[in-house]
Every structure is written in structure tokens, then in C-alpha cells.
Amino acid sequence: MAASGGRTVGSFLWKCGNCCFNFNTVSSNLTRQVLSRQLCVSAVLHRKNLAAAGPEKFSEEFIKKQVEEFNIGKRHLANMMGEDPETFTQGDINRSIAYLFPSGLFDKKAKPLMKHPDEVFPKQRAVQWGADGRPFHFLFYTGKQSYYSLMHDTFTKALAVEKHQDRLRGKDLFTQDAKQISLVGSRWLLKEELEELLVETISEHDYARFIQLMERLLSLPYCSVEEDFVQRYRRQLEIQSSKQQVQPLQYDQHGVAYSTGDGKQRKTATGTVLLRDSGSGSISINGTNYVHYFPVLQDREQLMFPLHFMGVLGRFDMQCSVSGGGHSSQAGALRLAISRAMLSFLSEGQVETMRQAGLLTPDPRIKERKKPGQEGARRKFTWKKR
Amino acid sequence: SFENRLAFRWFWLPEPVRPLHGSGCGQQQEAVGMEMRPETFSIFRTQENDPDCQSEQHQGQYYTVPPSHFHTVFPHGLPPRYQQQVKTFNEGCVMVRQPALELISHLKRADYSKPTLRYLLYGVKGSGKTMSLCHTVHYCSTQGWLVLHIPDAHLWVKNCKELLPSSYHASRFDQPIQASNWLRNFRTTNENFLSKIKLRQRYVWTKRESTEEGQPLGELVDMGVSRVKSSSDVVGAVLKELRLQAGGTEGGFRLAVAVDGVNGLWGRTTLKKEDKSPVAPEELTLVHNLRKMINNDWCGGAVIATLSQTGSLYAPSSAYLPQELLGEEGFDSMDPFIPVPVSLYSEKEFESCYLYYLDRHWLQHPHSQTEEGKKELIFLSNRNPSVLERLCAFL
């Protein structure tokens, strides 16, 4: 998979001065190689929390020098690629590096990268005490100074809101239905994200207390005063359903509606489907009848699933073409392609039900890599006692 | 109590019933042990059990093969899954379909003083060729023909454990087991003919044994069954005699040669000689004699053959047309023939198959009795008879 990703990136026609090409394909090619499918992803989860590991390993001057070198290097790279140094973004840098140093390695972390030093070097805490040995922060001796200072700040704000409410009550301007902070579509910071923000480790208990305190702040009717503070500790959830693009129906010369499902992948098998309306339910795959192409019942059931789910079994005629993979993955690829093709015939609500049934999600499972020291991906060599 | 039973029967049938347009000749035959089916007419069944009287109006309907005929006519001809189904359902029902009707109408109109006509049933895998052949064989036997039914020619060109060099001809090989099996079944099918036909030639088997002229055919067949070593030659002799005597003026009978999987006769074999060189089909006695039968140099009968990819050797699974399966040599030998295509179930036929399974309580799943379930069945099987049968087997 990674090899194919590398190949596709390298196959783009690069000419000096050619800067217009598809961002999305690159990122989608590269992200397809990520095995795990997490909802709220942050890179922090993969990286160990080196921030609070120990005293700082990189001094401030060192980091500053790295930043300068990075900026100069960025300008050089832009000149090399023939692009404008002023508008050279990180994405452009990634593409250029991938072009100049093509790597056949599978692990993304092993490939050459060029990033801003802030992303490369973990955030370090500066020295916490002065020349005389006295710490700067008053909570230093608690051990978790940033965490406790955050708790103190939050509580101060809560007290301030209450005081504001009391003042309003005193002036008889208190109303229950004040403007509330909208919490829809966002979530609290995860423990790991909070740790990254505070640059120190906190325990589960501490995290729970923090969330409890924030909830308490939100329970006050006039908490919208502190909205900015609260939103700093919330992250937006990605809305998944808006990503489906439904193509409009096309009509051929007889006025019969048809639509194509573009090539869907399932474990190296690709399939394309041409759905025609007002048919009789005949299906031909690569020119042969589907009963001959898929003698196994399970594959035919896979083909049947999207149509049966929507109750349109005898309505469509299909012409499919499929290649690669085995019979099971070809059946899965065709099923996806049929679902995608059917979208243009269906209404919004039906599209949503199909998505929830999992018909529109490409199956991310691929063959797991064989590891050295083991016979297969999971199977170990026969254990001999002596 | 009869009315009660009738009422119960009316209540029990799941699908709507309507009276069938009256069928003319033919009576309903019932055997002891079968359930009584008085005037319960259904859409998918016909009371017309005689293939002679069946016509297009019965198309898509099932007729019951009378159990008395069953064991005599079909000792070895039916597909194995169908045999299991017969045993399960306790009755043998065959669907009247267009290819079989076409064949029967040809047979009725053919001129039997001319050289034999050859009919070839072809179609995709599982479309019902063997069953149509068996339907035609049933017709022939009810009409009093002598039926020579070879259940599967592929059985003779593969998986043979014993291969003896032929005593009659030096370079040929005998297959004693297959030949004796076939002779036994032949005897069961055509009991009444065995005593009537007399041999016209003297056959010498060994120094001490010979069969004289004028002996009945039955004696020859018995000898072949008992003396396994020379059974292949006996088969050859039987075929020759029948060829000479069919359509003859004295005691003329008609001969139907029904061969299933005829493309096996001209392909390759999986058999090997002792020096590991492959055996060509011509070198097998049985195949050689059978080829002579299929040639149209005799008159007074018909040759009905089906192509079969299922048991065939070295043929791709997508092949079903005559040219592909017969090969050049086979096609030239079979030419000219009358091709009869066998297609998948039409809507009406599928409907009646589905109702038949429902009636026999074969489809137990409650969802399969709904319209939705029927649509699913249509989709999954694409109206292919054998696929549908396998599908319903576990529902």
C-alpha cells in the first residue's frame, strides 16, 4: 500500500513552475495508509509525552537557531522548486520533500520530513526557578503548577460570574433565559490534549476534577460572559455526513436514467458499476453473468444487500467491471460501487440510512504486515520448550 | 368425513387455487401410500401425466411421473440431486418446459424411414438439460420405444479403475465395470423387449462360449452381466443388433438413443495406459461403439443428446455452446443435428417452481413466503434452476 502511495506521488508530472495539482489526492493517498480509524484524532496520542519527562534538553537559543535555519531552508526549497518563497506553505514543503527524496519505506515516521521546529522538538518547560534558586511560580511546590493554576483561574472566573449574577439580581435585571454557550458539535479536551496544553502530566482524577469544575461553571446561567475561556478547552467534532457528494442523475439517449459508481476499493480490488433504471434486475460482470462470475452464494448476497436494503431489487440493470483482489474483495468493492451509484436515485433521508447501515463506508482493512521473528502477521513460530 | 378432509385440504393449501382448464386424455394415477389428491387443482400442477398429451398449455406446470414407471424408466438417468429430491418429496414431479415439448413434437412428426435425426440439447450450466432429456425418455418409453439411455458419457472416460486390453481388437481397451453396470440398467429399462428381439448373428466369446443366432437379446444381456470380462464386447454387440433391427419391417420398434454429456465422447480422457501415455477416446470399446450409434447411418429412431460442462474434462466452465464443448471432431460427427436450446426459467416457470416448493413445505423460512423473499430468491439465483434448488435446500 505504501509502495503504491509512493508510486502515485512520484508519478505526478513535476515540472518546475507547475504548482497546480491536486492536494486532495496526495493527502488521501497518504492517509489511506493509516491503519487505524479514529474519530477524534490528534497526533499527541501517538507521541509520547516527553514534555514533562525531565529538565529541558534543548535550550532556547538552540530552538531559535533551528527556527531560523528552517525558515531559510524553506526559502531555498521554494527557489529550488521554482515557487514563490512568500506563499510557500507546509503542504508545499511536504510535497517537495516527497518529490526530492522519494522513499520506499512503509512507516510514515521513517520518511524524510521537514517541519517547523516547534512540531519536531517537543515543548519544553523553561527553567522554573531563578538564579537564587527561588521558583517563579507560587504553586511550584505543588508539583503540578500549571494544572493547579488553571483550576484556580477557572474557579476565580466562576466566582466572578456569580458576583455578576448577584449584581444583576440586585438591579432586578436577572433573567433565567440568558444567552447560553452552544456546546453542540464540540467536545471537551481529552486528557492527553490537556497534558499537552499544560506541558505536564496529570492523573485521571485530576482530569475528572477539571471537567467537573468546567461543568459547574457552565451550569451558571450567565456563563456566556466567560465563553472565550470555555471554548479554549473545547474541540470541534467533525461532521461526517456532509462529506458525501451525490452526483446528479444522467440520462442516456432513450431517456433512461443511469448513474455510475466510481471505482471503489476493497483490499486491492476495484469495481465500477453502471446502474440503469427501469430494468429487469439483470447484472453482468466483466461481460459474464453474475451467477457464473460469483458461484459462491455469499458474494451474490453482498451484491444484493444495497438493493434489498432499499427495496429496489428488480428495478435496476447493472453493468459492472471489476479487477484485482480475490472473489470476496471483488464482491465487497462492487457492493460499495453499487451503493455509491444508487445515491443519485435516492432521497436525503435514504442516503442517511444507507450511511448508517455502513453501505457507504469503504472497508479499511488490508492485509497486515508480516513481522520479523514471527511466521505471519500474528502467528508466532512453534514454541519449543527446549 | 370426506368432505371434512376436502375442506381441510382447501384450507391447507397456502396459495389461491383456481380450476384448471380441463385436460383431455390422461388419467391421474395414484399409488398406494401417496396422499389423496382429489379435485385440488393448482396453478403449478397438471393432472396430465402422460407426456404424449402434454402441450403448450401445460407449460410451466409440474406433472407427476407415476411411481410404477419410475424405477423402470429411470434406473440411472436422473441427476443425483433430483433423485434425492424425489426421495424427500415422495413423488417425482417434472416440470413441462418448452425444450422438451419441442423435442417431443419433433419426435411425433419425424419420418422414421429416413436416416436418424439427431437432437442436441444445449444451454448454460444448470438450466435443465438433463431433466428435459429425462422427460423425453419418459415420453419414448410410454410410447413403447426401446430406450438406450446412457446417463453420463463422461463416466466412461474418466475414473476407471480397471482397464483391460480388449480381446476383440488389439489396440482397444475394455471397461468391464462400467459396461456391466450399464447392461444391468439396460435390462431393467427394457424388460419387455429382451425376449422379443432375436439375434441375427452368431457371437463367439471364448473357445467354449458363444451365442447363437436366433437367441433372444435377453440372453446376450444376461451373459454380459454375468461374464464381466467380456461385458464391453457384449455392449458392442447389443448396440450393433439394435442398430440393424430398429425400424425394420418385422417387429419394428423404434430406438431412442439418449446420451447425456455427449461431448465426453470426443474430448480427452483422464485414463492412462501402463506406460503413462494418455488414452484417446477411440481406443475405448464402449466409446467406439457408441460413436457408431450416434452416426446417422441407421434409421428407425432418434438420437437425443445433451452437452454437459459439469463432468467434462479440460473444458472451461464458461463454455456451453456446441462448438466449444464438442470440439471440431465432435461437431463434424454430430453435424447435421437439430439444436435445442435450454434456457433458464421464465417468470411463469419460476413462479410455479416457487409454488411447488411452498406446497411441499420445502421453504421453511417464514420470510421466503413473502413477496420480498421471492424477489431475493429471483436475484440470488437469477432464475437458474439448479442454483435455485441448491438455494432452497437450506431455507
# chains A, B, ... in the order shown; residues from 1 in each chain; ligands from 1
$ closest_atom_pairs --of "chain B" --to "chain A" --cutoff "8 Å" --atoms "only C-alpha atoms" --output "JSON lines"
{"residue": "B:Ser318", "atom": "CA", "partner": "A:His292", "partner_atom": "CA", "distance": 7.4}
{"residue": "B:Lys375", "atom": "CA", "partner": "A:Leu313", "partner_atom": "CA", "distance": 6.7}
{"residue": "B:Glu376", "atom": "CA", "partner": "A:Leu313", "partner_atom": "CA", "distance": 7.4}
{"residue": "B:Phe379", "atom": "CA", "partner": "A:Gly281", "partner_atom": "CA", "distance": 7.2}
{"residue": "B:Leu380", "atom": "CA", "partner": "A:Arg300", "partner_atom": "CA", "distance": 6.2}
{"residue": "B:Ser381", "atom": "CA", "partner": "A:Val291", "partner_atom": "CA", "distance": 7.0}
{"residue": "B:Asn382", "atom": "CA", "partner": "A:Val291", "partner_atom": "CA", "distance": 6.9}
$ residues_around --residues "Tyr258 of chain A" --least-positions-apart "2" --cutoff "10 Å" --atoms "only C-alpha atoms" --output "list in words"
Pro248, Leu249, Gln250, Tyr251, Asp252, Gly255, Val256, Thr260, Leu274, Leu275, Arg276, Asp277, Ser278, Phe316, Asp317, Met318, Ala341, Met342, Ser344 and Phe345 of chain A
$ atom_distance --atom1 "atom CA of Val124 of chain B" --atom2 "atom CA of Phe294 of chain A"
14.8 Å
$ residues_around --residues "segment 344-357 of chain B" --least-positions-apart "2" --cutoff "7 Å" --atoms "only C-alpha atoms" --output "ChimeraX atom specification"
/B:44,60-61,127,342,359-363,383-385
$ write_last_selection --atoms "C-alpha atoms" --output "compact mmCIF listing (two decimals), in the first residue's frame"
# COMPACT_ATOMS: atom_id res chain seq x y z
CA PHE B 44 -48.39 -25.19 -10.89
CA GLY B 60 -44.56 -24.41 -16.62
CA GLN B 61 -46.63 -26.95 -14.76
CA SER B 127 -30.56 -24.83 -16.96
CA VAL B 342 -32.49 -24.83 -23.00
CA ASP B 359 -46.56 -26.64 -1.48
CA ARG B 360 -44.12 -29.31 -0.49
CA HIS B 361 -43.20 -27.25 2.56
CA TRP B 362 -39.65 -27.14 1.35
CA LEU B 363 -39.25 -23.43 2.07
CA ARG B 383 -33.78 -17.99 -12.26
CA ASN B 384 -31.25 -20.73 -12.79
CA PRO B 385 -33.00 -23.98 -11.86
$ select_by_dssp --residues "segment 62-281 of chain B" --states "strand (DSSP E or B)" --output "ChimeraX atom specification"
/B:62-65,92-95,115,117-122,146-150,164-165,173-174,198,203-204,210-211,216,255-260,272,278
$ write_last_selection --atoms "N, CA and C atoms" --output "mmCIF file, in the first residue's frame"
data_model
loop_
_atom_site.group_PDB
_atom_site.id
_atom_site.type_symbol
_atom_site.label_atom_id
_atom_site.label_comp_id
_atom_site.auth_asym_id
_atom_site.auth_seq_id
_atom_site.Cartn_x
_atom_site.Cartn_y
_atom_site.Cartn_z
ATOM 1 N N TYR B 62 -46.090 -28.742 -13.302
ATOM 2 C CA TYR B 62 -45.443 -29.994 -12.921
ATOM 3 C C TYR B 62 -46.386 -31.148 -13.165
ATOM 4 N N TYR B 63 -45.857 -32.213 -13.738
ATOM 5 C CA TYR B 63 -46.653 -33.429 -13.808
ATOM 6 C C TYR B 63 -45.910 -34.506 -13.046
ATOM 7 N N THR B 64 -46.682 -35.436 -12.529
ATOM 8 C CA THR B 64 -46.084 -36.465 -11.688
ATOM 9 C C THR B 64 -45.766 -37.680 -12.523
ATOM 10 N N VAL B 65 -44.568 -38.159 -12.387
ATOM 11 C CA VAL B 65 -44.211 -39.418 -13.050
ATOM 12 C C VAL B 65 -44.773 -40.540 -12.203
ATOM 13 N N GLY B 92 -42.181 -38.030 -7.826
ATOM 14 C CA GLY B 92 -41.295 -37.482 -8.839
ATOM 15 C C GLY B 92 -42.073 -36.536 -9.730
ATOM 16 N N CYS B 93 -41.831 -35.263 -9.572
ATOM 17 C CA CYS B 93 -42.552 -34.285 -10.379
ATOM 18 C C CYS B 93 -41.581 -33.632 -11.346
ATOM 19 N N VAL B 94 -41.974 -33.586 -12.568
ATOM 20 C CA VAL B 94 -41.133 -32.973 -13.590
ATOM 21 C C VAL B 94 -41.893 -31.787 -14.167
ATOM 22 N N MET B 95 -41.152 -30.713 -14.422
ATOM 23 C CA MET B 95 -41.820 -29.547 -14.991
ATOM 24 C C MET B 95 -41.879 -29.701 -16.505
ATOM 25 N N PRO B 115 -32.895 -41.629 -42.539
ATOM 26 C CA PRO B 115 -31.829 -41.761 -41.527
ATOM 27 C C PRO B 115 -32.158 -40.941 -40.274
ATOM 28 N N LEU B 117 -32.572 -38.689 -37.106
ATOM 29 C CA LEU B 117 -32.318 -37.293 -36.782
ATOM 30 C C LEU B 117 -31.629 -37.220 -35.435
ATOM 31 N N ARG B 118 -30.752 -36.229 -35.327
ATOM 32 C CA ARG B 118 -30.040 -36.079 -34.064
ATOM 33 C C ARG B 118 -30.402 -34.751 -33.433
ATOM 34 N N TYR B 119 -30.764 -34.807 -32.191
ATOM 35 C CA TYR B 119 -31.146 -33.603 -31.480
ATOM 36 C C TYR B 119 -30.123 -33.333 -30.403
ATOM 37 N N LEU B 120 -29.774 -32.077 -30.268
ATOM 38 C CA LEU B 120 -28.771 -31.723 -29.262
ATOM 39 C C LEU B 120 -29.341 -30.648 -28.340
ATOM 40 N N LEU B 121 -29.391 -30.980 -27.070
ATOM 41 C CA LEU B 121 -29.844 -30.004 -26.071
ATOM 42 C C LEU B 121 -28.620 -29.296 -25.522
ATOM 43 N N TYR B 122 -28.647 -27.985 -25.589
ATOM 44 C CA TYR B 122 -27.510 -27.258 -25.032
ATOM 45 C C TYR B 122 -28.028 -26.056 -24.247
ATOM 46 N N LEU B 146 -37.808 -48.510 -27.676
ATOM 47 C CA LEU B 146 -36.710 -49.094 -26.927
ATOM 48 C C LEU B 146 -35.757 -47.957 -26.598
ATOM 49 N N VAL B 147 -35.494 -47.798 -25.314
ATOM 50 C CA VAL B 147 -34.701 -46.646 -24.899
ATOM 51 C C VAL B 147 -33.303 -47.090 -24.537
ATOM 52 N N LEU B 148 -32.356 -46.445 -25.168
ATOM 53 C CA LEU B 148 -30.953 -46.713 -24.849
ATOM 54 C C LEU B 148 -30.452 -45.457 -24.142
ATOM 55 N N HIS B 149 -30.454 -45.500 -22.822
ATOM 56 C CA HIS B 149 -30.143 -44.267 -22.094
ATOM 57 C C HIS B 149 -28.763 -44.385 -21.473
ATOM 58 N N ILE B 150 -27.869 -43.570 -21.917
ATOM 59 C CA ILE B 150 -26.535 -43.524 -21.302
ATOM 60 C C ILE B 150 -26.522 -42.327 -20.361
ATOM 61 N N LEU B 164 -8.947 -53.116 -19.189
ATOM 62 C CA LEU B 164 -8.384 -54.351 -19.758
ATOM 63 C C LEU B 164 -8.154 -54.182 -21.238
ATOM 64 N N PRO B 165 -7.122 -54.717 -21.740
ATOM 65 C CA PRO B 165 -6.983 -54.720 -23.201
ATOM 66 C C PRO B 165 -8.058 -55.600 -23.805
ATOM 67 N N PHE B 173 -9.356 -50.779 -25.486
ATOM 68 C CA PHE B 173 -9.418 -51.094 -24.063
ATOM 69 C C PHE B 173 -10.849 -51.294 -23.636
ATOM 70 N N ASP B 174 -11.002 -52.215 -22.710
ATOM 71 C CA ASP B 174 -12.323 -52.528 -22.168
ATOM 72 C C ASP B 174 -12.506 -51.911 -20.822
ATOM 73 N N LYS B 198 -34.573 -60.922 -31.594
ATOM 74 C CA LYS B 198 -33.728 -62.087 -31.792
ATOM 75 C C LYS B 198 -32.432 -61.659 -32.449
ATOM 76 N N TYR B 203 -22.303 -64.893 -32.080
ATOM 77 C CA TYR B 203 -21.190 -64.223 -31.405
ATOM 78 C C TYR B 203 -20.398 -65.245 -30.630
ATOM 79 N N VAL B 204 -19.092 -65.233 -30.839
ATOM 80 C CA VAL B 204 -18.227 -66.157 -30.121
ATOM 81 C C VAL B 204 -17.474 -65.364 -29.064
ATOM 82 N N SER B 210 -20.436 -69.263 -26.767
ATOM 83 C CA SER B 210 -20.867 -68.474 -27.921
ATOM 84 C C SER B 210 -22.363 -68.328 -27.827
ATOM 85 N N THR B 211 -22.842 -67.328 -28.473
ATOM 86 C CA THR B 211 -24.295 -67.118 -28.524
ATOM 87 C C THR B 211 -24.741 -67.281 -29.952
ATOM 88 N N PRO B 216 -32.776 -64.948 -27.982
ATOM 89 C CA PRO B 216 -33.303 -63.619 -27.609
ATOM 90 C C PRO B 216 -32.193 -62.747 -27.064
ATOM 91 N N LEU B 255 -36.126 -46.975 -31.860
ATOM 92 C CA LEU B 255 -34.986 -46.941 -30.952
ATOM 93 C C LEU B 255 -34.669 -45.488 -30.606
ATOM 94 N N ALA B 256 -34.625 -45.218 -29.329
ATOM 95 C CA ALA B 256 -34.213 -43.883 -28.890
ATOM 96 C C ALA B 256 -32.877 -43.998 -28.201
ATOM 97 N N VAL B 257 -31.926 -43.311 -28.722
ATOM 98 C CA VAL B 257 -30.600 -43.286 -28.100
ATOM 99 C C VAL B 257 -30.489 -41.960 -27.356
ATOM 100 N N ALA B 258 -30.463 -42.031 -26.064
ATOM 101 C CA ALA B 258 -30.381 -40.802 -25.261
ATOM 102 C C ALA B 258 -29.028 -40.781 -24.578
ATOM 103 N N VAL B 259 -28.220 -39.817 -24.944
ATOM 104 C CA VAL B 259 -26.873 -39.730 -24.377
ATOM 105 C C VAL B 259 -26.746 -38.403 -23.642
ATOM 106 N N ASP B 260 -26.336 -38.484 -22.405
ATOM 107 C CA ASP B 260 -26.114 -37.270 -21.630
ATOM 108 C C ASP B 260 -24.615 -36.978 -21.595
ATOM 109 N N LYS B 272 -5.002 -43.555 -18.363
ATOM 110 C CA LYS B 272 -3.646 -43.720 -18.899
ATOM 111 C C LYS B 272 -3.367 -45.200 -19.060
ATOM 112 N N PRO B 278 -1.444 -41.124 -22.540
ATOM 113 C CA PRO B 278 -2.893 -40.961 -22.402
ATOM 114 C C PRO B 278 -3.652 -41.803 -23.407
#
$ residues_around --residues "Glu212 of chain B" --least-positions-apart "5" --cutoff "12 Å" --atoms "only C-alpha atoms" --output "MDAnalysis selection string"
chainID B and resid 198:205 217 219:220
$ closest_residue --among "A:Ile93, A:Val184, A:Val199, A:Ala110" --to "Pro122 of chain A" --atoms "only C-alpha atoms"
A:Val199
$ residues_around --residues "Ser146 of chain A" --least-positions-apart "4" --cutoff "12 Å" --atoms "only C-alpha atoms" --output "PDB file with C-alpha atoms, in the first residue's frame"
ATOM      1  CA  ALA A  52       7.306  16.550  31.370  1.00  0.00           C
ATOM      2  CA  ARG A 125       9.345  23.739  30.125  1.00  0.00           C
ATOM      3  CA  GLN A 128      11.251  27.141  36.688  1.00  0.00           C
ATOM      4  CA  HIS A 137       5.510  30.421  40.187  1.00  0.00           C
ATOM      5  CA  PHE A 138       3.863  30.467  43.597  1.00  0.00           C
ATOM      6  CA  LEU A 139       2.416  26.981  43.114  1.00  0.00           C
ATOM      7  CA  PHE A 140       5.712  25.405  42.114  1.00  0.00           C
ATOM      8  CA  TYR A 141       5.914  23.244  45.186  1.00  0.00           C
ATOM      9  CA  THR A 142       2.558  21.558  44.449  1.00  0.00           C
ATOM     10  CA  LEU A 150      -5.667  26.518  35.790  1.00  0.00           C
ATOM     11  CA  MET A 151      -8.047  25.235  38.451  1.00  0.00           C
ATOM     12  CA  HIS A 152      -7.586  28.422  40.418  1.00  0.00           C
ATOM     13  CA  ASP A 153      -8.293  30.540  37.321  1.00  0.00           C
ATOM     14  CA  LEU A 194      -4.823  18.849  28.236  1.00  0.00           C
ATOM     15  CA  GLU A 195      -1.456  17.451  29.199  1.00  0.00           C
ATOM     16  CA  GLU A 196      -0.012  18.825  26.011  1.00  0.00           C
ATOM     17  CA  LEU A 197      -1.511  22.224  26.716  1.00  0.00           C
ATOM     18  CA  LEU A 198      -0.208  22.350  30.268  1.00  0.00           C
ATOM     19  CA  VAL A 199       3.148  20.757  29.387  1.00  0.00           C
ATOM     20  CA  GLU A 200       2.941  18.497  32.423  1.00  0.00           C
ATOM     21  CA  THR A 201       1.434  15.161  33.368  1.00  0.00           C
ATOM     22  CA  ILE A 202      -1.845  14.985  35.223  1.00  0.00           C
TER      23      ILE A 202
END
$ atom_distance --atom1 "atom CA of Val238 of chain B" --atom2 "atom CA of His135 of chain B"
24.5 Å
$ closest_residue --among "B:His154, B:Arg172, B:Leu183, B:Pro336" --to "Thr270 of chain B" --atoms "only C-alpha atoms"
B:His154
$ residues_around --residues "Leu220 of chain A" --least-positions-apart "2" --cutoff "9 Å" --atoms "only C-alpha atoms" --output "ChimeraX atom specification"
/A:158,161-162,165,216-218,222-224
$ closest_residue --among "A:Val120, A:Ala98, A:Val296, A:Ala269" --to "Ile63 of chain A" --atoms "only C-alpha atoms"
A:Val120
$ atom_distance --atom1 "atom CA of Asn79 of chain A" --atom2 "atom CA of Tyr99 of chain A"
14.6 Å
$ select_by_dssp --residues "segment 95-215 of chain A" --states "alpha helix (DSSP H)" --output "ChimeraX atom specification"
/A:95-100,117-120,145-170,191-198,204-215
$ closest_residue --among "A:Leu237, A:Val351, A:Ala333, A:Leu105" --to "Gly185 of chain A" --atoms "only C-alpha atoms"
A:Leu237
